[in-house]
file structure.pdb (PDB, C-alpha atoms)
MODEL        1
ATOM      1  CA  MET A   1      15.000  -5.361   4.309
ATOM      2  CA  ASP A   2      12.928  -8.372   3.261
ATOM      3  CA  GLY A   3       9.795  -6.392   4.035
ATOM      4  CA  LEU A   4      10.848  -3.550   1.746
ATOM      5  CA  LEU A   5      11.613  -5.874  -1.151
ATOM      6  CA  MET A   6       8.282  -7.599  -0.755
ATOM      7  CA  LYS A   7       6.427  -4.302  -0.604
ATOM      8  CA  LEU A   8       8.262  -2.975  -3.669
ATOM      9  CA  LEU A   9       7.049  -6.008  -5.605
ATOM     10  CA  VAL A  10       3.512  -6.370  -4.250
ATOM     11  CA  SER A  11       2.298  -2.774  -3.959
ATOM     12  CA  PRO A  12       2.757  -1.722  -7.618
ATOM     13  CA  VAL A  13       1.127  -4.975  -8.755
ATOM     14  CA  LEU A  14      -1.878  -4.253  -6.529
ATOM     15  CA  VAL A  15      -2.280  -0.715  -7.858
ATOM     16  CA  VAL A  16      -1.990  -1.886 -11.482
ATOM     17  CA  LEU A  17      -4.526  -4.640 -10.747
ATOM     18  CA  ALA A  18      -6.926  -2.157  -9.140
ATOM     19  CA  ASP A  19      -6.478   0.152 -12.137
ATOM     20  CA  ALA A  20      -7.466  -2.708 -14.432
ATOM     21  CA  LEU A  21     -10.386  -3.953 -12.310
ATOM     22  CA  PHE A  22     -12.143  -0.825 -11.070
ATOM     23  CA  PRO A  23     -13.551   1.902 -13.330
ATOM     24  CA  GLU A  24     -13.266   4.332 -10.393
ATOM     25  CA  VAL A  25      -9.464   4.061 -10.638
ATOM     26  CA  ASN A  26      -8.090   5.255 -13.948
ATOM     27  CA  PHE A  27      -4.422   6.100 -14.281
ATOM     28  CA  ALA A  28      -3.605   7.537 -17.699
ATOM     29  CA  ASN A  29      -0.359   5.575 -18.035
ATOM     30  CA  LEU A  30       1.089   2.409 -16.568
ATOM     31  CA  TYR A  31       4.031   4.267 -15.069
ATOM     32  CA  GLN A  32       1.614   6.349 -12.974
ATOM     33  CA  SER A  33       0.072   3.339 -11.276
ATOM     34  CA  ILE A  34       3.485   1.732 -10.778
ATOM     35  CA  GLY A  35       4.821   4.981  -9.302
ATOM     36  CA  VAL A  36       1.918   5.237  -6.868
ATOM     37  CA  GLY A  37       2.559   1.611  -5.919
ATOM     38  CA  PHE A  38       6.205   2.428  -5.156
ATOM     39  CA  VAL A  39       5.151   5.380  -3.001
ATOM     40  CA  LEU A  40       2.745   3.085  -1.122
ATOM     41  CA  ALA A  41       5.524   0.530  -0.636
ATOM     42  CA  VAL A  42       7.997   3.043   0.770
ATOM     43  CA  ALA A  43       5.384   4.637   3.053
ATOM     44  CA  GLY A  44       4.289   1.206   4.273
ATOM     45  CA  TYR A  45       7.874   0.170   4.941
ATOM     46  CA  PHE A  46       8.640   3.211   7.067
ATOM     47  CA  LEU A  47       5.347   2.868   8.922
ATOM     48  CA  ASP A  48       6.189  -0.766   9.664
ATOM     49  CA  ARG A  49       9.656   0.180  10.917
ATOM     50  CA  ALA A  50       8.112   2.786  13.191
ATOM     51  CA  ILE A  51       5.290   0.866  14.867
ATOM     52  CA  LEU A  52       5.014  -2.784  13.816
ATOM     53  CA  THR A  53       5.364  -5.186  16.739
ATOM     54  CA  SER A  54       3.487  -8.323  17.689
ATOM     55  CA  GLY A  55       1.066  -6.254  19.781
ATOM     56  CA  SER A  56       0.348  -3.638  17.122
ATOM     57  CA  LEU A  57      -0.698  -5.801  14.168
ATOM     58  CA  TRP A  58      -4.179  -4.331  13.734
ATOM     59  CA  LEU A  59      -3.131  -0.773  14.546
ATOM     60  CA  THR A  60      -0.375  -0.872  11.937
ATOM     61  CA  THR A  61      -2.728  -2.415   9.382
ATOM     62  CA  MET A  62      -5.336   0.276  10.061
ATOM     63  CA  PHE A  63      -2.728   3.006   9.593
ATOM     64  CA  ASP A  64      -1.599   1.355   6.348
ATOM     65  CA  LEU A  65      -5.193   1.365   5.103
ATOM     66  CA  ILE A  66      -5.633   5.061   5.921
ATOM     67  CA  ILE A  67      -2.251   6.062   4.486
ATOM     68  CA  GLY A  68      -2.998   3.996   1.374
ATOM     69  CA  PHE A  69      -6.269   5.844   0.838
ATOM     70  CA  LEU A  70      -4.643   9.245   1.315
ATOM     71  CA  ILE A  71      -1.735   8.491  -1.026
ATOM     72  CA  VAL A  72      -3.913   7.088  -3.814
ATOM     73  CA  TYR A  73      -6.556   9.798  -3.568
ATOM     74  CA  GLY A  74      -3.889  12.477  -3.177
ATOM     75  CA  SER A  75      -2.077  11.261  -6.259
ATOM     76  CA  ILE A  76      -4.614  13.090  -8.434
ATOM     77  CA  VAL A  77      -2.950  16.328  -7.335
ATOM     78  CA  PHE A  78       0.417  15.239  -8.739
ATOM     79  CA  LEU A  79      -0.967  13.225 -11.656
ATOM     80  CA  PRO A  80      -3.594  15.494 -13.237
ATOM     81  CA  THR A  81      -4.397  12.991 -15.995
ATOM     82  CA  ALA A  82      -5.333  10.323 -13.443
ATOM     83  CA  GLN A  83      -9.026  10.009 -12.622
ATOM     84  CA  ILE A  84      -9.615   8.500  -9.203
ATOM     85  CA  THR A  85     -12.765   8.804  -7.136
ATOM     86  CA  ALA A  86     -12.860   8.487  -3.365
ATOM     87  CA  ILE A  87     -14.559   5.099  -3.765
ATOM     88  CA  GLY A  88     -11.782   3.976  -6.122
ATOM     89  CA  ALA A  89      -9.124   5.106  -3.667
ATOM     90  CA  GLY A  90     -10.999   3.150  -1.014
ATOM     91  CA  PHE A  91     -10.910   0.012  -3.165
ATOM     92  CA  VAL A  92      -7.158   0.357  -3.643
ATOM     93  CA  ALA A  93      -6.716   0.999   0.091
ATOM     94  CA  ILE A  94      -8.646  -2.185   0.913
ATOM     95  CA  PHE A  95      -6.429  -4.178  -1.494
ATOM     96  CA  PHE A  96      -3.382  -2.568   0.075
ATOM     97  CA  GLY A  97      -4.643  -3.176   3.621
ATOM     98  CA  VAL A  98      -5.240  -6.877   3.000
ATOM     99  CA  ALA A  99      -1.787  -7.282   1.440
ATOM    100  CA  GLU A 100      -0.197  -5.371   4.309
ATOM    101  CA  TYR A 101      -1.985  -7.517   6.885
ATOM    102  CA  ILE A 102      -0.629 -10.683   5.255
ATOM    103  CA  GLN A 103       2.860  -9.164   5.126
ATOM    104  CA  HIS A 104       2.649  -8.032   8.755
ATOM    105  CA  VAL A 105       1.685 -11.505   9.934
ATOM    106  CA  TRP A 106       4.610 -12.958   7.999
ATOM    107  CA  LEU A 107       7.054 -10.358   9.352
ATOM    108  CA  ILE A 108       5.928 -10.919  12.944
ATOM    109  CA  ARG A 109       5.950 -14.726  12.710
ATOM    110  CA  THR A 110       9.434 -14.806  11.220
ATOM    111  CA  GLY A 111      10.755 -12.215  13.674
ATOM    112  CA  ARG A 112      11.681  -9.731  10.972
ATOM    113  CA  THR A 113      10.076  -6.657  12.496
ATOM    114  CA  GLU A 114      12.567  -3.822  12.835
ATOM    115  CA  SER A 115      10.761  -1.551  15.279
ATOM    116  CA  ALA A 116      12.898   0.596  17.514
TER     117      ALA A 116
ENDMDL
END
call {"tool": "encode", "arguments": {"input": "structure.pdb", "output": "C-alpha coordinates"}}
result
Amino acid sequence: MDGLLMKLLVSPVLVVLADALFPEVNFANLYQSIGVGFVLAVAGYFLDRAILTSGSLWLTTMFDLIIGFLIVYGSIVFLPTAQITAIGAGFVAIFFGVAEYIQHVWLIRTGRTESA
(Lines of atoms letter the chains of each structure in order from A and count residues from 1; the text may use other names and numbers.)
(Lines give C-alpha, C1' and ligand atoms only; values in the text may rest on other atoms or scores of the structure.)
Protein backbone atom coordinates (compact mmCIF):
# COMPACT_ATOMS: atom_id res chain seq x y z
CA MET A 1 0.00 0.00 0.00
CA ASP A 2 2.96 2.31 0.58
CA GLY A 3 3.82 2.01 -3.10
CA LEU A 4 0.34 3.12 -4.15
CA LEU A 5 0.38 6.16 -1.88
CA MET A 6 3.78 7.18 -3.16
CA LYS A 7 2.70 6.76 -6.77
CA LEU A 8 -0.50 8.73 -6.18
CA LEU A 9 1.61 11.63 -4.92
CA VAL A 10 4.56 11.48 -7.32
CA SER A 11 2.93 10.67 -10.67
CA PRO A 12 0.54 13.67 -10.88
CA VAL A 13 3.36 15.99 -9.81
CA LEU A 14 5.56 14.62 -12.60
CA VAL A 15 2.86 15.09 -15.24
CA VAL A 16 2.12 18.65 -14.06
CA LEU A 17 5.87 19.38 -14.08
CA ALA A 18 6.24 17.98 -17.60
CA ASP A 19 3.24 20.05 -18.70
CA ALA A 20 4.96 23.16 -17.38
CA LEU A 21 8.42 22.35 -18.77
CA PHE A 22 7.81 20.94 -22.24
CA PRO A 23 5.94 22.76 -25.02
CA GLU A 24 5.20 19.36 -26.59
CA VAL A 25 2.95 18.55 -23.62
CA ASN A 26 0.03 20.92 -23.27
CA PHE A 27 -2.95 19.96 -21.14
CA ALA A 28 -5.73 22.53 -21.36
CA ASN A 29 -6.51 22.39 -17.63
CA LEU A 30 -4.66 21.40 -14.49
CA TYR A 31 -7.19 18.71 -13.67
CA GLN A 32 -6.35 16.95 -16.95
CA SER A 33 -2.68 16.57 -16.11
CA ILE A 34 -3.49 15.52 -12.55
CA GLY A 35 -6.00 12.97 -13.85
CA VAL A 36 -3.47 11.49 -16.26
CA GLY A 37 -1.00 11.33 -13.37
CA PHE A 38 -3.52 9.37 -11.29
CA VAL A 39 -4.10 6.95 -14.17
CA LEU A 40 -0.32 6.47 -14.46
CA ALA A 41 -0.09 5.85 -10.71
CA VAL A 42 -2.82 3.22 -10.67
CA ALA A 43 -1.45 1.46 -13.78
CA GLY A 44 2.06 1.50 -12.30
CA TYR A 45 0.82 0.10 -9.01
CA PHE A 46 -0.96 -2.84 -10.61
CA LEU A 47 2.01 -3.52 -12.87
CA ASP A 48 4.28 -3.55 -9.82
CA ARG A 49 1.96 -5.94 -7.99
CA ALA A 50 1.97 -8.24 -10.99
CA ILE A 51 5.68 -8.50 -11.83
CA LEU A 52 7.97 -6.55 -9.51
CA THR A 53 10.51 -8.76 -7.75
CA SER A 54 14.20 -8.32 -7.04
CA GLY A 55 15.05 -10.07 -10.32
CA SER A 56 12.69 -8.05 -12.50
CA LEU A 57 13.71 -4.48 -11.65
CA TRP A 58 14.68 -3.43 -15.18
CA LEU A 59 11.88 -5.37 -16.87
CA THR A 60 9.26 -3.73 -14.66
CA THR A 61 10.82 -0.30 -15.22
CA MET A 62 10.82 -0.84 -18.99
CA PHE A 63 7.15 -1.84 -18.91
CA ASP A 64 6.37 1.24 -16.81
CA LEU A 65 8.11 3.43 -19.39
CA ILE A 66 6.14 1.89 -22.26
CA ILE A 67 2.82 1.99 -20.40
CA GLY A 68 3.54 5.60 -19.40
CA PHE A 69 4.07 6.58 -23.02
CA LEU A 70 0.90 4.83 -24.17
CA ILE A 71 -1.25 6.34 -21.42
CA VAL A 72 0.01 9.89 -21.93
CA TYR A 73 -0.14 9.76 -25.72
CA GLY A 74 -3.49 7.96 -25.60
CA SER A 75 -4.93 10.59 -23.30
CA ILE A 76 -5.45 12.88 -26.30
CA VAL A 77 -8.30 10.58 -27.34
CA PHE A 78 -10.15 11.18 -24.07
CA LEU A 79 -9.01 14.78 -23.57
CA PRO A 80 -9.55 16.44 -26.97
CA THR A 81 -8.37 19.84 -25.73
CA ALA A 82 -4.99 18.41 -24.72
CA GLN A 83 -2.18 18.79 -27.24
CA ILE A 84 0.52 16.17 -26.81
CA THR A 85 3.03 15.10 -29.42
CA ALA A 86 4.73 11.71 -29.45
CA ILE A 87 7.97 13.41 -28.37
CA GLY A 88 6.14 15.07 -25.47
CA ALA A 89 4.65 11.75 -24.40
CA GLY A 90 8.15 10.32 -24.57
CA PHE A 91 9.45 13.06 -22.27
CA VAL A 92 6.72 12.34 -19.74
CA ALA A 93 7.41 8.60 -20.02
CA ILE A 94 11.11 9.18 -19.31
CA PHE A 95 10.21 11.26 -16.22
CA PHE A 96 7.81 8.53 -15.16
CA GLY A 97 10.35 5.77 -15.83
CA VAL A 98 13.04 7.43 -13.73
CA ALA A 99 10.60 7.98 -10.85
CA GLU A 100 9.38 4.39 -11.12
CA TYR A 101 12.94 3.05 -11.09
CA ILE A 102 13.68 4.95 -7.87
CA GLN A 103 10.42 3.69 -6.34
CA HIS A 104 11.14 0.11 -7.43
CA VAL A 105 14.58 0.16 -5.84
CA TRP A 106 13.05 1.47 -2.62
CA LEU A 107 10.26 -1.13 -2.66
CA ILE A 108 12.69 -3.99 -3.27
CA ARG A 109 15.22 -2.84 -0.65
CA THR A 110 12.57 -2.45 2.02
CA GLY A 111 10.89 -5.74 1.11
CA ARG A 112 7.58 -4.12 0.23
CA THR A 113 7.02 -5.83 -3.11
CA GLU A 114 3.66 -7.56 -3.22
CA SER A 115 4.12 -9.87 -6.20
CA ALA A 116 2.17 -13.08 -6.20
call {"tool": "closest_residue", "arguments": {"input": "structure.pdb", "among": "A:Leu5, A:Thr60, A:Val77, A:Ile94", "to": "Asp48 in chain A", "atoms": "all atoms listed in the file"}}
result
A:Thr60
call {"tool": "closest_residue", "arguments": {"input": "structure.pdb", "among": "A:Ala18, A:Ile108, A:Ala93, A:Ala86", "to": "Ile51 in chain A", "atoms": "only C-alpha atoms"}}
result
A:Ile108
call {"tool": "resolve_selection", "arguments": {"input": "structure.pdb", "expression": "the PyMOL selection byres ((chain A and resi 53) around 8)", "output": "JSON, numbers by chain"}}
result
{"A": [51, 52, 54, 55, 56, 57, 108, 113, 115]}
call {"tool": "write_last_selection", "arguments": {"input": "structure.pdb", "atoms": "C-alpha atoms", "output": "JSON list (two decimals), in the frame of the given file"}}
result
[["chain", "number", "residue", "atom", "x", "y", "z"],
["A", 51, "ILE", "CA", 5.29, 0.87, 14.87],
["A", 52, "LEU", "CA", 5.01, -2.78, 13.82],
["A", 54, "SER", "CA", 3.49, -8.32, 17.69],
["A", 55, "GLY", "CA", 1.07, -6.25, 19.78],
["A", 56, "SER", "CA", 0.35, -3.64, 17.12],
["A", 57, "LEU", "CA", -0.70, -5.80, 14.17],
["A", 108, "ILE", "CA", 5.93, -10.92, 12.94],
["A", 113, "THR", "CA", 10.08, -6.66, 12.50],
["A", 115, "SER", "CA", 10.76, -1.55, 15.28]]
call {"tool": "closest_residue", "arguments": {"input": "structure.pdb", "among": "A:Glu100, A:Asn26, A:Tyr31, A:Gly37", "to": "Val13 in chain A", "atoms": "only C-alpha atoms"}}
result
A:Gly37
call {"tool": "residues_around", "arguments": {"input": "structure.pdb", "residues": "Phe69 in chain A", "least_positions_apart": "3", "cutoff": "8 Å", "atoms": "all atoms listed in the file", "output": "list in words"}}
result
Leu65, Ile66, Val72, Tyr73, Ala89, Gly90, Val92 and Ala93 of chain A
call {"tool": "write_last_selection", "arguments": {"input": "structure.pdb", "atoms": "C-alpha atoms", "output": "tab-separated table (two decimals), in the coordinates of the input"}}
result
chain	number	residue	atom	x	y	z
A	65	LEU	CA	-5.19	1.36	5.10
A	66	ILE	CA	-5.63	5.06	5.92
A	72	VAL	CA	-3.91	7.09	-3.81
A	73	TYR	CA	-6.56	9.80	-3.57
A	89	ALA	CA	-9.12	5.11	-3.67
A	90	GLY	CA	-11.00	3.15	-1.01
A	92	VAL	CA	-7.16	0.36	-3.64
A	93	ALA	CA	-6.72	1.00	0.09
call {"tool": "residues_around", "arguments": {"input": "structure.pdb", "residues": "Ala43 in chain A", "least_positions_apart": "4", "cutoff": "8 Å", "atoms": "only C-alpha atoms", "output": "PyMOL selection string"}}
result
chain A and resi 39+47+67
call {"tool": "atom_distance", "arguments": {"input": "structure.pdb", "atom1": "CA of Leu30 in chain A", "atom2": "CA of Ile102 in chain A"}}
result
25.5 Å
call {"tool": "resolve_selection", "arguments": {"input": "structure.pdb", "expression": "the PyMOL selection byres ((chain A and resi 76) around 12)", "output": "short mmCIF file (atom, residue, chain, number, x, y, z; two decimals) with C-alpha atoms, in the coordinates of the input"}}
result
data_model
loop_
_atom_site.label_atom_id
_atom_site.label_comp_id
_atom_site.auth_asym_id
_atom_site.auth_seq_id
_atom_site.Cartn_x
_atom_site.Cartn_y
_atom_site.Cartn_z
CA VAL A 25 -9.46 4.06 -10.64
CA ASN A 26 -8.09 5.26 -13.95
CA PHE A 27 -4.42 6.10 -14.28
CA ALA A 28 -3.60 7.54 -17.70
CA GLN A 32 1.61 6.35 -12.97
CA SER A 33 0.07 3.34 -11.28
CA VAL A 36 1.92 5.24 -6.87
CA PHE A 69 -6.27 5.84 0.84
CA LEU A 70 -4.64 9.24 1.32
CA ILE A 71 -1.74 8.49 -1.03
CA VAL A 72 -3.91 7.09 -3.81
CA TYR A 73 -6.56 9.80 -3.57
CA GLY A 74 -3.89 12.48 -3.18
CA SER A 75 -2.08 11.26 -6.26
CA VAL A 77 -2.95 16.33 -7.34
CA PHE A 78 0.42 15.24 -8.74
CA LEU A 79 -0.97 13.22 -11.66
CA PRO A 80 -3.59 15.49 -13.24
CA THR A 81 -4.40 12.99 -16.00
CA ALA A 82 -5.33 10.32 -13.44
CA GLN A 83 -9.03 10.01 -12.62
CA ILE A 84 -9.62 8.50 -9.20
CA THR A 85 -12.76 8.80 -7.14
CA ALA A 86 -12.86 8.49 -3.36
CA GLY A 88 -11.78 3.98 -6.12
CA ALA A 89 -9.12 5.11 -3.67
#
call {"tool": "atom_distance", "arguments": {"input": "structure.pdb", "atom1": "CA of Phe91 in chain A", "atom2": "CA of Thr110 in chain A"}}
result
29.0 Å
call {"tool": "closest_residue", "arguments": {"input": "structure.pdb", "among": "A:Val15, A:Leu21, A:Leu4, A:Ile34", "to": "Gly68 in chain A", "atoms": "all atoms listed in the file"}}
result
A:Val15
call {"tool": "residues_around", "arguments": {"input": "structure.pdb", "residues": "Gly3 in chain A", "least_positions_apart": "6", "cutoff": "8 Å", "atoms": "only C-alpha atoms", "output": "list in words"}}
result
Tyr45, Gln103, Leu107 and Arg112 of chain A
call {"tool": "atom_distance", "arguments": {"input": "structure.pdb", "atom1": "CA of Phe96 in chain A", "atom2": "CA of Asp2 in chain A"}}
result
17.6 Å
call {"tool": "closest_residue", "arguments": {"input": "structure.pdb", "among": "A:Ile87, A:Pro23, A:His104, A:Asn29", "to": "Lys7 in chain A", "atoms": "only C-alpha atoms"}}
result
A:His104
